[in-house]
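Right, one structure below, let's go through it.
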Amino acid sequence: MPVPVVASSRVAGIQTGEVHFLRHVATMAWKDLRVELRSREILFTMSFFAAMVVVLFSFAFLKESDDGEMVAVAEITPGFLWVAVLFSATLGMARAFDRERESDTMRGLLLSPAPRTALFLGKAVGLFVMMAMVEAVVIPLCWFFFAAPLFAEPLPMLALVLLATAGVAVVGSVFAAMLMRTRSREVLLPVVLYPILVPLFIAAIKGTSALLVGEPEQAWFWIRFLLVYDAAFVVAALWTFESLVIE
Amino acid sequence: MKKNAFLAAAVVCALGFAGTLYLAFYRAELDGLLFFNQKIFYYHVANAFMLFAATITCGVYSLLYLRKRQPRHDDIALAAGELAVLFGAVVLITGSIWGKAAWDKWWDWDARLTTSLLLWLTMVGYVLVRQYGGAGSERMAGGLAVFATVNIPLVYFSVSIWRTLHPQTSVVPGLQGGMRAAMWSSVALWGIFYVLLLRLRTDAARAERRLAELRERALDAGLIE
């Protein structure tokens with residue numbers, strides 16, 4: 001009788017406390033990352049796409065200074081950086097859930113004893129790590145191409161990047177999971193995701209440009225804002241995910 | 001709402017809109033700076049109120065739907081979501097006409113305009129999901145509406161810090177005389193109009209849903225191909 005076994009072990013999984021919950025999250029994230037590290041499909045395409053966005057933007061927004069050199073002003077570089085990160089993240093999150101759909105493994109995951117919120121957080125953590133790897137390419141690239149002093153204030157910069165990435169990963173995982181079963185999800189994902197991410201986007205860009213012009217207090221303000229944003233959406237995500245993925 | 005009440009409200013609405021035209025153009029004082037251009041205010045602001053009313057209705061009923069899974073809540077959420085897009089379009093169009101007259105430009109990235117635009121874009125996203133998401137999109141759109149509701153204060157806060165060009169106006173509560181009468185009667189009538197449209201669209205949504213259910217059952221029973 002497989003059904004009662006699944007049901008009872010699922011209850012046990014929920015009831016054995018936070019350590020088990022975190023272990024489920026880690027297992028889920030590690031599973032996603034291991035799949036990815038074997039093919040490196042998402043990581044390479046995401047990074048290439050992000051780099052391409054930066055290069056394309058430079059054609060549109062670089063201007064010639066008086067002595068004939070091409071320069072990017074401090075206000076523009078954060079825009080290159082964050083639009084590239086956001087666009088590439090959209091590719092990555094759609095693909096991460098497409099994998100589950102193609103081989104119909106989502107059903108297996110939902111039937112497993114792990115609580116659904118742990119599945120969701122595991123997905124989000126996996127996406128977070130992948131986005132961080134892409135950022136490890138794009139941020140030095142912006143520094144390299146536009147001579148932007150992105151590493152002048154390492155601590156607030158790191159906080160800003162981590163919090164913004166976490167926000168994108170959480171909100172993106174919810175929407176990608178919700179869209180998994182709908183038609184034309186490729187076009188719908190950015191349609192629904194970007195309006196929700198606007199406050200995060202403003203905070204990331206404003207915070208980064210505050211660091212570039214040497215105003216760390218301003219950046220800390222946006223870091224606190226990102227903290228509020230992340231907290232609000234983690235709660236909203238944990239609260240809605242359960243009812244959104246029920247088969 | 002019974003059929004007679006609906007008809008009565010529709011008649012009140014039709015007569016009332018003619019009445020607000022009279023109030024706005026003959027009774028309300030001419031604005032000292034903008035003259036006749038200011039008349040659009042009575043429609044612009046009333047529609048902005050309706051945009052918020054429709055968005056809130058959509059958010060509340062989406063939440064109810066996600067919690068209780070009653071399809072009738074979802075019908076109302078769908079109707080309100082579409083109306084939010086409609087009223088939002090009127091707000092943005094009348095707003096930019098007014099902006100052209102008052103500030104001599106069609107658009108300004110001021111906090112209020114940006115927030116309204118983003119709210120409208122979110123609702124357009126909601127309707128797109130409903131339209132093209134296929135089966136199961138109502139749950140997904142419900143989730144989106146909940147997220148959008150959480151997002152509104154964050155958008156407003158971040159945008160107003162990003163852009164604090166214009167002082168926050170408190171024009172509406174401070175209106176006097178004929179302007180006040182024209183303003184509030186317009187808001188009240190648009191409110192009735194909104195409820196009527198919501199009712200009509202909800203009925204249509206319910207009819208569509210029932211038709212789809214019937215078709216499904218007939219397919220199962222082998223009555224239709």
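Residue numbering restarts at 1 in every chain; chains get A, B, ... in the order shown in the structure tokens, and ligands count up from 1 in that same order.
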
Quick one: residues within 12 Å of Ile76 of chain A, only C-alpha atoms, excluding same-chain residues fewer than 5 positions away - as number ranges by chain?
A: 54, 57-58, 60-63, 71, 81-83, 142, 146, 148, 205-206, 208-210, 212-213

Please provide as a list in words all residues within 8 Å of segment 94-106 of chain A, with the sequence filter that same-chain residues fewer than 4 positions apart are discarded (counting only C-alpha atoms).
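After dropping sequence-adjacent residues, the list is Asp32, Ile42, Thr90, Leu110, Leu127, Ala176, Ala177, Met180, Glu186 and Leu189 of chain A.
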
Go through segment 4-244 of chain A and collect every residue that DSSP, computed from the backbone, puts in alpha helix (DSSP H); the answer should be as a PDB file with C-alpha atoms, in the first residue's frame.
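The resulting states_18.pdb:
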```
ATOM      1  CA  PRO A   4      -0.508   5.563   3.283  1.00  0.00           C
ATOM      2  CA  VAL A   5       3.263   5.158   3.551  1.00  0.00           C
ATOM      3  CA  VAL A   6       3.818   8.365   1.573  1.00  0.00           C
ATOM      4  CA  ALA A   7       1.197  10.198   3.590  1.00  0.00           C
ATOM      5  CA  SER A   8       2.519   9.151   6.977  1.00  0.00           C
ATOM      6  CA  SER A   9       6.151   9.845   6.139  1.00  0.00           C
ATOM      7  CA  ARG A  10       5.135  13.247   4.832  1.00  0.00           C
ATOM      8  CA  VAL A  11       3.567  14.083   8.162  1.00  0.00           C
ATOM      9  CA  ALA A  12       6.696  12.851   9.915  1.00  0.00           C
ATOM     10  CA  GLY A  13       8.805  15.079   7.662  1.00  0.00           C
ATOM     11  CA  ILE A  14       6.841  18.125   8.690  1.00  0.00           C
ATOM     12  CA  GLN A  15       6.851  17.371  12.357  1.00  0.00           C
ATOM     13  CA  GLY A  17      11.529  20.296  13.391  1.00  0.00           C
ATOM     14  CA  GLU A  18      13.648  22.962  11.790  1.00  0.00           C
ATOM     15  CA  VAL A  19      16.767  20.885  11.296  1.00  0.00           C
ATOM     16  CA  HIS A  20      14.906  18.472   9.087  1.00  0.00           C
ATOM     17  CA  PHE A  21      13.295  21.308   7.248  1.00  0.00           C
ATOM     18  CA  LEU A  22      16.656  22.889   6.482  1.00  0.00           C
ATOM     19  CA  ARG A  23      18.020  19.514   5.428  1.00  0.00           C
ATOM     20  CA  HIS A  24      15.158  19.194   2.947  1.00  0.00           C
ATOM     21  CA  VAL A  25      15.915  22.656   1.613  1.00  0.00           C
ATOM     22  CA  ALA A  26      19.594  21.794   1.244  1.00  0.00           C
ATOM     23  CA  THR A  27      18.843  18.478  -0.468  1.00  0.00           C
ATOM     24  CA  MET A  28      16.569  20.173  -2.941  1.00  0.00           C
ATOM     25  CA  ALA A  29      19.040  22.968  -3.703  1.00  0.00           C
ATOM     26  CA  TRP A  30      21.931  20.534  -3.996  1.00  0.00           C
ATOM     27  CA  LYS A  31      19.918  18.352  -6.379  1.00  0.00           C
ATOM     28  CA  ASP A  32      19.294  21.316  -8.669  1.00  0.00           C
ATOM     29  CA  LEU A  33      22.894  22.431  -8.537  1.00  0.00           C
ATOM     30  CA  ARG A  34      24.206  18.931  -9.219  1.00  0.00           C
ATOM     31  CA  VAL A  35      21.994  18.601 -12.291  1.00  0.00           C
ATOM     32  CA  GLU A  36      23.255  21.976 -13.412  1.00  0.00           C
ATOM     33  CA  LEU A  37      26.928  21.283 -12.722  1.00  0.00           C
ATOM     34  CA  ARG A  38      26.759  18.166 -14.894  1.00  0.00           C
ATOM     35  CA  SER A  39      25.405  19.941 -17.954  1.00  0.00           C
ATOM     36  CA  GLU A  41      23.574  24.424 -19.581  1.00  0.00           C
ATOM     37  CA  ILE A  42      21.805  27.174 -17.641  1.00  0.00           C
ATOM     38  CA  LEU A  43      24.960  28.624 -16.169  1.00  0.00           C
ATOM     39  CA  PHE A  44      26.791  29.077 -19.465  1.00  0.00           C
ATOM     40  CA  THR A  45      23.790  30.391 -21.383  1.00  0.00           C
ATOM     41  CA  MET A  46      22.850  32.753 -18.534  1.00  0.00           C
ATOM     42  CA  SER A  47      26.373  34.132 -18.243  1.00  0.00           C
ATOM     43  CA  PHE A  48      26.773  34.563 -21.973  1.00  0.00           C
ATOM     44  CA  PHE A  49      23.404  36.269 -22.238  1.00  0.00           C
ATOM     45  CA  ALA A  50      24.221  38.615 -19.351  1.00  0.00           C
ATOM     46  CA  ALA A  51      27.557  39.536 -20.908  1.00  0.00           C
ATOM     47  CA  MET A  52      25.825  40.133 -24.233  1.00  0.00           C
ATOM     48  CA  VAL A  53      23.283  42.465 -22.620  1.00  0.00           C
ATOM     49  CA  VAL A  54      26.116  44.511 -21.105  1.00  0.00           C
ATOM     50  CA  VAL A  55      27.857  44.759 -24.469  1.00  0.00           C
ATOM     51  CA  LEU A  56      24.651  45.708 -26.288  1.00  0.00           C
ATOM     52  CA  PHE A  57      23.861  48.397 -23.734  1.00  0.00           C
ATOM     53  CA  SER A  58      27.289  49.895 -24.171  1.00  0.00           C
ATOM     54  CA  PHE A  59      26.438  50.654 -27.812  1.00  0.00           C
ATOM     55  CA  ALA A  60      23.334  52.506 -26.750  1.00  0.00           C
ATOM     56  CA  PHE A  61      24.450  54.420 -23.687  1.00  0.00           C
ATOM     57  CA  THR A  77      26.804  51.382 -15.056  1.00  0.00           C
ATOM     58  CA  PRO A  78      24.447  50.069 -12.324  1.00  0.00           C
ATOM     59  CA  GLY A  79      21.724  49.972 -14.967  1.00  0.00           C
ATOM     60  CA  PHE A  80      23.868  47.793 -17.270  1.00  0.00           C
ATOM     61  CA  LEU A  81      24.690  45.526 -14.389  1.00  0.00           C
ATOM     62  CA  TRP A  82      21.214  44.999 -12.966  1.00  0.00           C
ATOM     63  CA  VAL A  83      19.329  44.745 -16.227  1.00  0.00           C
ATOM     64  CA  ALA A  84      21.814  42.077 -17.326  1.00  0.00           C
ATOM     65  CA  VAL A  85      21.391  40.205 -14.037  1.00  0.00           C
ATOM     66  CA  LEU A  86      17.604  40.436 -14.133  1.00  0.00           C
ATOM     67  CA  PHE A  87      17.265  39.334 -17.769  1.00  0.00           C
ATOM     68  CA  SER A  88      19.625  36.411 -17.371  1.00  0.00           C
ATOM     69  CA  ALA A  89      17.910  35.369 -14.132  1.00  0.00           C
ATOM     70  CA  THR A  90      14.602  35.187 -16.022  1.00  0.00           C
ATOM     71  CA  LEU A  91      16.163  32.722 -18.442  1.00  0.00           C
ATOM     72  CA  GLY A  92      17.592  30.652 -15.614  1.00  0.00           C
ATOM     73  CA  MET A  93      14.431  30.390 -13.507  1.00  0.00           C
ATOM     74  CA  ALA A  94      12.265  29.431 -16.480  1.00  0.00           C
ATOM     75  CA  ARG A  95      14.724  26.719 -17.452  1.00  0.00           C
ATOM     76  CA  ALA A  96      15.102  25.361 -13.919  1.00  0.00           C
ATOM     77  CA  PHE A  97      11.383  24.655 -13.756  1.00  0.00           C
ATOM     78  CA  ASP A  98      11.150  23.505 -17.361  1.00  0.00           C
ATOM     79  CA  ARG A  99      13.461  20.655 -16.448  1.00  0.00           C
ATOM     80  CA  GLU A 100      11.043  19.456 -13.802  1.00  0.00           C
ATOM     81  CA  ARG A 101       8.191  19.683 -16.271  1.00  0.00           C
ATOM     82  CA  GLU A 102       9.895  17.912 -19.167  1.00  0.00           C
ATOM     83  CA  THR A 105       9.731  15.081 -11.888  1.00  0.00           C
ATOM     84  CA  MET A 106       7.705  17.824 -10.201  1.00  0.00           C
ATOM     85  CA  ARG A 107       5.061  15.255  -9.367  1.00  0.00           C
ATOM     86  CA  GLY A 108       7.696  13.116  -7.707  1.00  0.00           C
ATOM     87  CA  LEU A 109       8.962  16.057  -5.719  1.00  0.00           C
ATOM     88  CA  LEU A 110       5.467  16.969  -4.564  1.00  0.00           C
ATOM     89  CA  LEU A 111       4.847  13.366  -3.494  1.00  0.00           C
ATOM     90  CA  ARG A 116       6.323  21.913   0.001  1.00  0.00           C
ATOM     91  CA  THR A 117       7.729  25.079   1.472  1.00  0.00           C
ATOM     92  CA  ALA A 118      11.070  23.272   1.746  1.00  0.00           C
ATOM     93  CA  LEU A 119      10.850  22.319  -1.935  1.00  0.00           C
ATOM     94  CA  PHE A 120      10.182  25.914  -2.802  1.00  0.00           C
ATOM     95  CA  LEU A 121      13.015  27.292  -0.670  1.00  0.00           C
ATOM     96  CA  GLY A 122      15.353  24.667  -2.118  1.00  0.00           C
ATOM     97  CA  LYS A 123      14.491  25.804  -5.630  1.00  0.00           C
ATOM     98  CA  ALA A 124      15.011  29.421  -4.610  1.00  0.00           C
ATOM     99  CA  VAL A 125      18.392  28.647  -3.031  1.00  0.00           C
ATOM    100  CA  GLY A 126      19.467  26.801  -6.190  1.00  0.00           C
ATOM    101  CA  LEU A 127      18.486  29.768  -8.305  1.00  0.00           C
ATOM    102  CA  PHE A 128      20.250  32.104  -5.883  1.00  0.00           C
ATOM    103  CA  VAL A 129      23.521  30.203  -6.240  1.00  0.00           C
ATOM    104  CA  MET A 130      23.262  30.178 -10.032  1.00  0.00           C
ATOM    105  CA  MET A 131      22.545  33.899 -10.132  1.00  0.00           C
ATOM    106  CA  ALA A 132      25.493  34.518  -7.831  1.00  0.00           C
ATOM    107  CA  MET A 133      27.744  32.635 -10.262  1.00  0.00           C
ATOM    108  CA  VAL A 134      26.485  34.790 -13.127  1.00  0.00           C
ATOM    109  CA  GLU A 135      27.064  37.915 -11.068  1.00  0.00           C
ATOM    110  CA  ALA A 136      30.604  36.731 -10.424  1.00  0.00           C
ATOM    111  CA  VAL A 137      31.062  37.101 -14.190  1.00  0.00           C
ATOM    112  CA  VAL A 138      29.007  40.219 -14.871  1.00  0.00           C
ATOM    113  CA  ILE A 139      30.223  42.442 -12.038  1.00  0.00           C
ATOM    114  CA  PRO A 140      33.914  42.099 -12.931  1.00  0.00           C
ATOM    115  CA  LEU A 141      32.891  42.577 -16.566  1.00  0.00           C
ATOM    116  CA  CYS A 142      31.271  45.927 -15.756  1.00  0.00           C
ATOM    117  CA  TRP A 143      34.324  46.884 -13.760  1.00  0.00           C
ATOM    118  CA  PHE A 144      36.545  45.853 -16.673  1.00  0.00           C
ATOM    119  CA  PHE A 145      34.585  47.509 -19.506  1.00  0.00           C
ATOM    120  CA  PHE A 146      33.485  50.728 -17.838  1.00  0.00           C
ATOM    121  CA  PRO A 154      33.194  45.732  -0.742  1.00  0.00           C
ATOM    122  CA  LEU A 155      30.951  45.232   2.289  1.00  0.00           C
ATOM    123  CA  PRO A 156      27.882  47.285   1.275  1.00  0.00           C
ATOM    124  CA  MET A 157      28.309  46.112  -2.310  1.00  0.00           C
ATOM    125  CA  LEU A 158      28.247  42.495  -1.183  1.00  0.00           C
ATOM    126  CA  ALA A 159      25.188  43.084   1.017  1.00  0.00           C
ATOM    127  CA  LEU A 160      23.399  44.822  -1.829  1.00  0.00           C
ATOM    128  CA  VAL A 161      24.166  42.094  -4.342  1.00  0.00           C
ATOM    129  CA  LEU A 162      23.220  39.260  -1.997  1.00  0.00           C
ATOM    130  CA  LEU A 163      19.938  40.820  -0.891  1.00  0.00           C
ATOM    131  CA  ALA A 164      18.868  41.802  -4.392  1.00  0.00           C
ATOM    132  CA  THR A 165      19.767  38.340  -5.688  1.00  0.00           C
ATOM    133  CA  ALA A 166      17.816  36.697  -2.875  1.00  0.00           C
ATOM    134  CA  GLY A 167      14.761  38.810  -3.693  1.00  0.00           C
ATOM    135  CA  VAL A 168      14.881  37.936  -7.393  1.00  0.00           C
ATOM    136  CA  ALA A 169      15.405  34.251  -6.570  1.00  0.00           C
ATOM    137  CA  VAL A 170      12.435  34.097  -4.186  1.00  0.00           C
ATOM    138  CA  VAL A 171       9.916  36.011  -6.292  1.00  0.00           C
ATOM    139  CA  GLY A 172      11.160  34.391  -9.496  1.00  0.00           C
ATOM    140  CA  SER A 173      10.862  30.861  -8.095  1.00  0.00           C
ATOM    141  CA  VAL A 174       7.267  31.449  -7.048  1.00  0.00           C
ATOM    142  CA  PHE A 175       6.243  32.761 -10.427  1.00  0.00           C
ATOM    143  CA  ALA A 176       8.181  30.197 -12.416  1.00  0.00           C
ATOM    144  CA  ALA A 177       6.580  27.432 -10.323  1.00  0.00           C
ATOM    145  CA  MET A 178       3.120  28.889 -10.767  1.00  0.00           C
ATOM    146  CA  LEU A 179       3.575  29.272 -14.515  1.00  0.00           C
ATOM    147  CA  ARG A 185       4.829  30.583 -19.895  1.00  0.00           C
ATOM    148  CA  GLU A 186       7.971  31.880 -21.640  1.00  0.00           C
ATOM    149  CA  VAL A 187       6.270  35.157 -22.493  1.00  0.00           C
ATOM    150  CA  LEU A 188       4.140  35.358 -19.368  1.00  0.00           C
ATOM    151  CA  LEU A 189       6.988  35.022 -16.880  1.00  0.00           C
ATOM    152  CA  PRO A 190       8.571  38.432 -17.563  1.00  0.00           C
ATOM    153  CA  VAL A 191       5.122  39.978 -17.941  1.00  0.00           C
ATOM    154  CA  VAL A 192       4.141  39.094 -14.389  1.00  0.00           C
ATOM    155  CA  LEU A 193       7.582  39.153 -12.802  1.00  0.00           C
ATOM    156  CA  TYR A 194       8.977  42.562 -13.751  1.00  0.00           C
ATOM    157  CA  PRO A 195       6.232  44.772 -12.297  1.00  0.00           C
ATOM    158  CA  ILE A 196       6.667  42.985  -8.968  1.00  0.00           C
ATOM    159  CA  LEU A 197      10.446  43.371  -9.092  1.00  0.00           C
ATOM    160  CA  VAL A 198      10.395  47.114  -9.773  1.00  0.00           C
ATOM    161  CA  PRO A 199      10.997  48.226  -6.151  1.00  0.00           C
ATOM    162  CA  LEU A 200      13.899  45.777  -5.876  1.00  0.00           C
ATOM    163  CA  PHE A 201      15.287  47.015  -9.166  1.00  0.00           C
ATOM    164  CA  ILE A 202      15.094  50.676  -8.071  1.00  0.00           C
ATOM    165  CA  ALA A 203      16.798  49.819  -4.774  1.00  0.00           C
ATOM    166  CA  ALA A 204      19.587  47.792  -6.417  1.00  0.00           C
ATOM    167  CA  ILE A 205      20.330  50.453  -9.019  1.00  0.00           C
ATOM    168  CA  LYS A 206      20.134  53.397  -6.617  1.00  0.00           C
ATOM    169  CA  GLY A 207      22.196  51.569  -4.007  1.00  0.00           C
ATOM    170  CA  THR A 208      24.895  50.633  -6.503  1.00  0.00           C
ATOM    171  CA  SER A 209      25.128  54.111  -7.950  1.00  0.00           C
ATOM    172  CA  ALA A 210      25.330  55.563  -4.430  1.00  0.00           C
ATOM    173  CA  LEU A 211      28.370  53.334  -3.886  1.00  0.00           C
ATOM    174  CA  LEU A 212      29.897  54.401  -7.200  1.00  0.00           C
ATOM    175  CA  PRO A 216      27.733  54.613   1.453  1.00  0.00           C
ATOM    176  CA  GLU A 217      25.033  55.934   3.876  1.00  0.00           C
ATOM    177  CA  GLN A 218      22.668  56.215   0.932  1.00  0.00           C
ATOM    178  CA  ALA A 219      23.545  52.651  -0.068  1.00  0.00           C
ATOM    179  CA  TRP A 220      22.847  51.353   3.454  1.00  0.00           C
ATOM    180  CA  PHE A 221      19.415  52.912   3.260  1.00  0.00           C
ATOM    181  CA  TRP A 222      18.646  50.885   0.121  1.00  0.00           C
ATOM    182  CA  ILE A 223      20.149  47.783   1.709  1.00  0.00           C
ATOM    183  CA  ARG A 224      17.656  48.138   4.561  1.00  0.00           C
ATOM    184  CA  PHE A 225      14.893  48.632   2.016  1.00  0.00           C
ATOM    185  CA  LEU A 226      15.923  45.421   0.247  1.00  0.00           C
ATOM    186  CA  LEU A 227      15.832  43.629   3.576  1.00  0.00           C
ATOM    187  CA  VAL A 228      12.201  44.714   4.043  1.00  0.00           C
ATOM    188  CA  TYR A 229      11.353  43.749   0.468  1.00  0.00           C
ATOM    189  CA  ASP A 230      12.936  40.309   0.816  1.00  0.00           C
ATOM    190  CA  ALA A 231      11.224  39.662   4.143  1.00  0.00           C
ATOM    191  CA  ALA A 232       7.819  40.696   2.773  1.00  0.00           C
ATOM    192  CA  PHE A 233       8.098  38.453  -0.262  1.00  0.00           C
ATOM    193  CA  VAL A 234       9.561  35.459   1.534  1.00  0.00           C
ATOM    194  CA  VAL A 235       6.491  35.557   3.770  1.00  0.00           C
ATOM    195  CA  ALA A 236       4.125  36.048   0.830  1.00  0.00           C
ATOM    196  CA  ALA A 237       5.848  33.255  -1.094  1.00  0.00           C
ATOM    197  CA  LEU A 238       5.784  30.730   1.754  1.00  0.00           C
ATOM    198  CA  TRP A 239       2.186  31.586   2.379  1.00  0.00           C
ATOM    199  CA  THR A 240       0.956  31.260  -1.213  1.00  0.00           C
ATOM    200  CA  PHE A 241       3.243  28.542  -2.608  1.00  0.00           C
ATOM    201  CA  GLU A 242       1.383  25.744  -0.893  1.00  0.00           C
ATOM    202  CA  SER A 243      -1.958  26.672  -2.450  1.00  0.00           C
ATOM    203  CA  LEU A 244      -0.471  27.474  -5.838  1.00  0.00           C
TER     204      LEU A 244
END
```

Within 7 Å of chain A, which residues of chain B show up when using only C-alpha atoms, listed as a list in words?
Leu66, Leu118, Leu121, Thr122, Gly125, Val129, Tyr132, Gly133, Gly134, Ala135, Gly136, Ser137, Arg139, Met140, Gly143, Phe147, Ala148, Asn151, Leu154, Val155 and Ser158 of chain B

Write out, as a tab-separated table (two decimals), in the first residue's frame, the residues just selected, with N, CA, C and O atoms.
```
chain	number	residue	atom	x	y	z
B	66	LEU	N	-8.08	31.96	-3.36
B	66	LEU	CA	-6.97	31.07	-3.02
B	66	LEU	C	-7.25	30.33	-1.71
B	66	LEU	O	-6.86	29.18	-1.54
B	118	LEU	N	2.86	51.71	-12.88
B	118	LEU	CA	3.27	50.37	-12.48
B	118	LEU	C	2.08	49.53	-12.04
B	118	LEU	O	1.99	48.34	-12.36
B	121	LEU	N	0.39	48.46	-15.12
B	121	LEU	CA	1.14	47.40	-15.82
B	121	LEU	C	0.93	46.06	-15.13
B	121	LEU	O	0.80	45.02	-15.78
B	122	THR	N	0.92	46.09	-13.77
B	122	THR	CA	0.69	44.84	-13.05
B	122	THR	C	-0.66	44.25	-13.40
B	122	THR	O	-0.81	43.05	-13.61
B	125	GLY	N	-0.65	42.72	-16.69
B	125	GLY	CA	-0.04	41.40	-16.57
B	125	GLY	C	-1.05	40.37	-16.08
B	125	GLY	O	-1.13	39.25	-16.61
B	129	VAL	N	-2.27	37.07	-18.16
B	129	VAL	CA	-2.20	35.69	-17.65
B	129	VAL	C	-3.55	35.01	-17.77
B	129	VAL	O	-3.66	33.85	-18.20
B	132	TYR	N	-4.14	34.31	-21.66
B	132	TYR	CA	-3.29	33.40	-22.42
B	132	TYR	C	-2.71	32.27	-21.59
B	132	TYR	O	-1.94	31.47	-22.10
B	133	GLY	N	-3.03	32.23	-20.31
B	133	GLY	CA	-2.43	31.21	-19.46
B	133	GLY	C	-3.01	29.82	-19.65
B	133	GLY	O	-2.41	28.84	-19.27
B	134	GLY	N	-4.21	29.73	-20.22
B	134	GLY	CA	-4.85	28.44	-20.38
B	134	GLY	C	-5.37	27.89	-19.07
B	134	GLY	O	-5.57	28.63	-18.11
B	135	ALA	N	-5.55	26.58	-19.03
B	135	ALA	CA	-6.15	25.96	-17.85
B	135	ALA	C	-5.28	26.19	-16.62
B	135	ALA	O	-4.05	26.13	-16.69
B	136	GLY	N	-5.93	26.44	-15.49
B	136	GLY	CA	-5.19	26.62	-14.25
B	136	GLY	C	-4.65	28.02	-14.05
B	136	GLY	O	-4.03	28.30	-13.03
B	137	SER	N	-4.88	28.91	-15.02
B	137	SER	CA	-4.30	30.25	-14.91
B	137	SER	C	-4.99	31.07	-13.83
B	137	SER	O	-4.44	32.05	-13.37
B	139	ARG	N	-5.61	30.29	-10.76
B	139	ARG	CA	-4.89	30.18	-9.50
B	139	ARG	C	-3.61	31.03	-9.55
B	139	ARG	O	-3.28	31.76	-8.63
B	140	MET	N	-2.94	30.90	-10.70
B	140	MET	CA	-1.71	31.65	-10.91
B	140	MET	C	-1.96	33.15	-10.85
B	140	MET	O	-1.25	33.91	-10.19
B	143	GLY	N	-2.45	34.28	-7.35
B	143	GLY	CA	-1.17	34.49	-6.68
B	143	GLY	C	-0.54	35.81	-7.08
B	143	GLY	O	-0.03	36.55	-6.25
B	147	PHE	N	0.57	38.99	-4.72
B	147	PHE	CA	1.90	39.60	-4.74
B	147	PHE	C	1.82	41.08	-5.09
B	147	PHE	O	2.55	41.89	-4.54
B	148	ALA	N	0.92	41.41	-6.03
B	148	ALA	CA	0.78	42.81	-6.42
B	148	ALA	C	0.31	43.65	-5.24
B	148	ALA	O	0.76	44.77	-5.04
B	151	ASN	N	3.04	44.33	-3.06
B	151	ASN	CA	4.00	45.18	-3.74
B	151	ASN	C	3.63	46.65	-3.70
B	151	ASN	O	4.51	47.51	-3.76
B	154	LEU	N	5.42	48.94	-1.30
B	154	LEU	CA	6.85	48.97	-1.61
B	154	LEU	C	7.12	49.82	-2.84
B	154	LEU	O	8.08	50.60	-2.88
B	155	VAL	N	6.26	49.67	-3.86
B	155	VAL	CA	6.43	50.49	-5.06
B	155	VAL	C	6.27	51.95	-4.70
B	155	VAL	O	7.10	52.80	-5.07
B	158	SER	N	9.37	53.17	-2.68
B	158	SER	CA	10.63	53.28	-3.42
B	158	SER	C	10.54	54.34	-4.49
B	158	SER	O	11.48	55.11	-4.71
```

So which bits of segment 4-197 of chain A end up strand (DSSP E or B) when you DSSP the backbone, as a PDB file with all heavy atoms, in the first residue's frame?
```pdb
ATOM      1  N   LYS A  63      28.857  57.396 -23.947  1.00  0.00           N
ATOM      2  CA  LYS A  63      29.001  58.639 -24.711  1.00  0.00           C
ATOM      3  C   LYS A  63      30.461  59.081 -24.741  1.00  0.00           C
ATOM      4  O   LYS A  63      31.255  58.727 -23.874  1.00  0.00           O
ATOM      5  CB  LYS A  63      28.097  59.716 -24.147  1.00  0.00           C
ATOM      6  CG  LYS A  63      28.313  60.036 -22.712  1.00  0.00           C
ATOM      7  CD  LYS A  63      27.325  61.101 -22.287  1.00  0.00           C
ATOM      8  CE  LYS A  63      27.535  61.468 -20.834  1.00  0.00           C
ATOM      9  NZ  LYS A  63      26.541  62.421 -20.366  1.00  0.00           N
ATOM     10  N   GLU A  64      30.734  59.892 -25.755  1.00  0.00           N
ATOM     11  CA  GLU A  64      32.103  60.318 -25.967  1.00  0.00           C
ATOM     12  C   GLU A  64      32.387  61.539 -25.094  1.00  0.00           C
ATOM     13  O   GLU A  64      31.632  62.502 -25.100  1.00  0.00           O
ATOM     14  CB  GLU A  64      32.290  60.679 -27.447  1.00  0.00           C
ATOM     15  CG  GLU A  64      33.673  60.413 -27.951  1.00  0.00           C
ATOM     16  CD  GLU A  64      33.711  60.528 -29.479  1.00  0.00           C
ATOM     17  OE1 GLU A  64      32.693  60.242 -30.132  1.00  0.00           O
ATOM     18  OE2 GLU A  64      34.762  60.901 -29.994  1.00  0.00           O
ATOM     19  N   MET A  70      35.524  57.039 -24.875  1.00  0.00           N
ATOM     20  CA  MET A  70      34.164  56.576 -24.582  1.00  0.00           C
ATOM     21  C   MET A  70      34.032  56.336 -23.085  1.00  0.00           C
ATOM     22  O   MET A  70      34.795  55.567 -22.504  1.00  0.00           O
ATOM     23  CB  MET A  70      33.868  55.263 -25.316  1.00  0.00           C
ATOM     24  CG  MET A  70      33.910  55.372 -26.822  1.00  0.00           C
ATOM     25  SD  MET A  70      32.590  56.400 -27.456  1.00  0.00           S
ATOM     26  CE  MET A  70      31.268  55.219 -27.565  1.00  0.00           C
ATOM     27  N   VAL A  71      33.081  56.981 -22.447  1.00  0.00           N
ATOM     28  CA  VAL A  71      32.928  56.791 -21.008  1.00  0.00           C
ATOM     29  C   VAL A  71      31.493  56.448 -20.655  1.00  0.00           C
ATOM     30  O   VAL A  71      30.566  56.835 -21.343  1.00  0.00           O
ATOM     31  CB  VAL A  71      33.334  58.055 -20.211  1.00  0.00           C
ATOM     32  CG1 VAL A  71      34.813  58.283 -20.300  1.00  0.00           C
ATOM     33  CG2 VAL A  71      32.551  59.263 -20.686  1.00  0.00           C
TER      34      VAL A  71
END
```

Atom CA of Val85 of chain B to atom CA of Gly191 of chain B: how many Å, to one decimal?
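For atom CA of Val85 of chain B relative to atom CA of Gly191 of chain B, the distance reads 15.7 Å.
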
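Each of B:Ala46, B:Ala218, B:Leu7, B:Ala24 was compared to Leu189 of chain B using only C-alpha atoms, and B:Ala46 turns out to be the nearest.
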
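In this structure, atom CA of Leu113 of chain B sits 14.0 Å away from atom CA of Phe49 of chain B.
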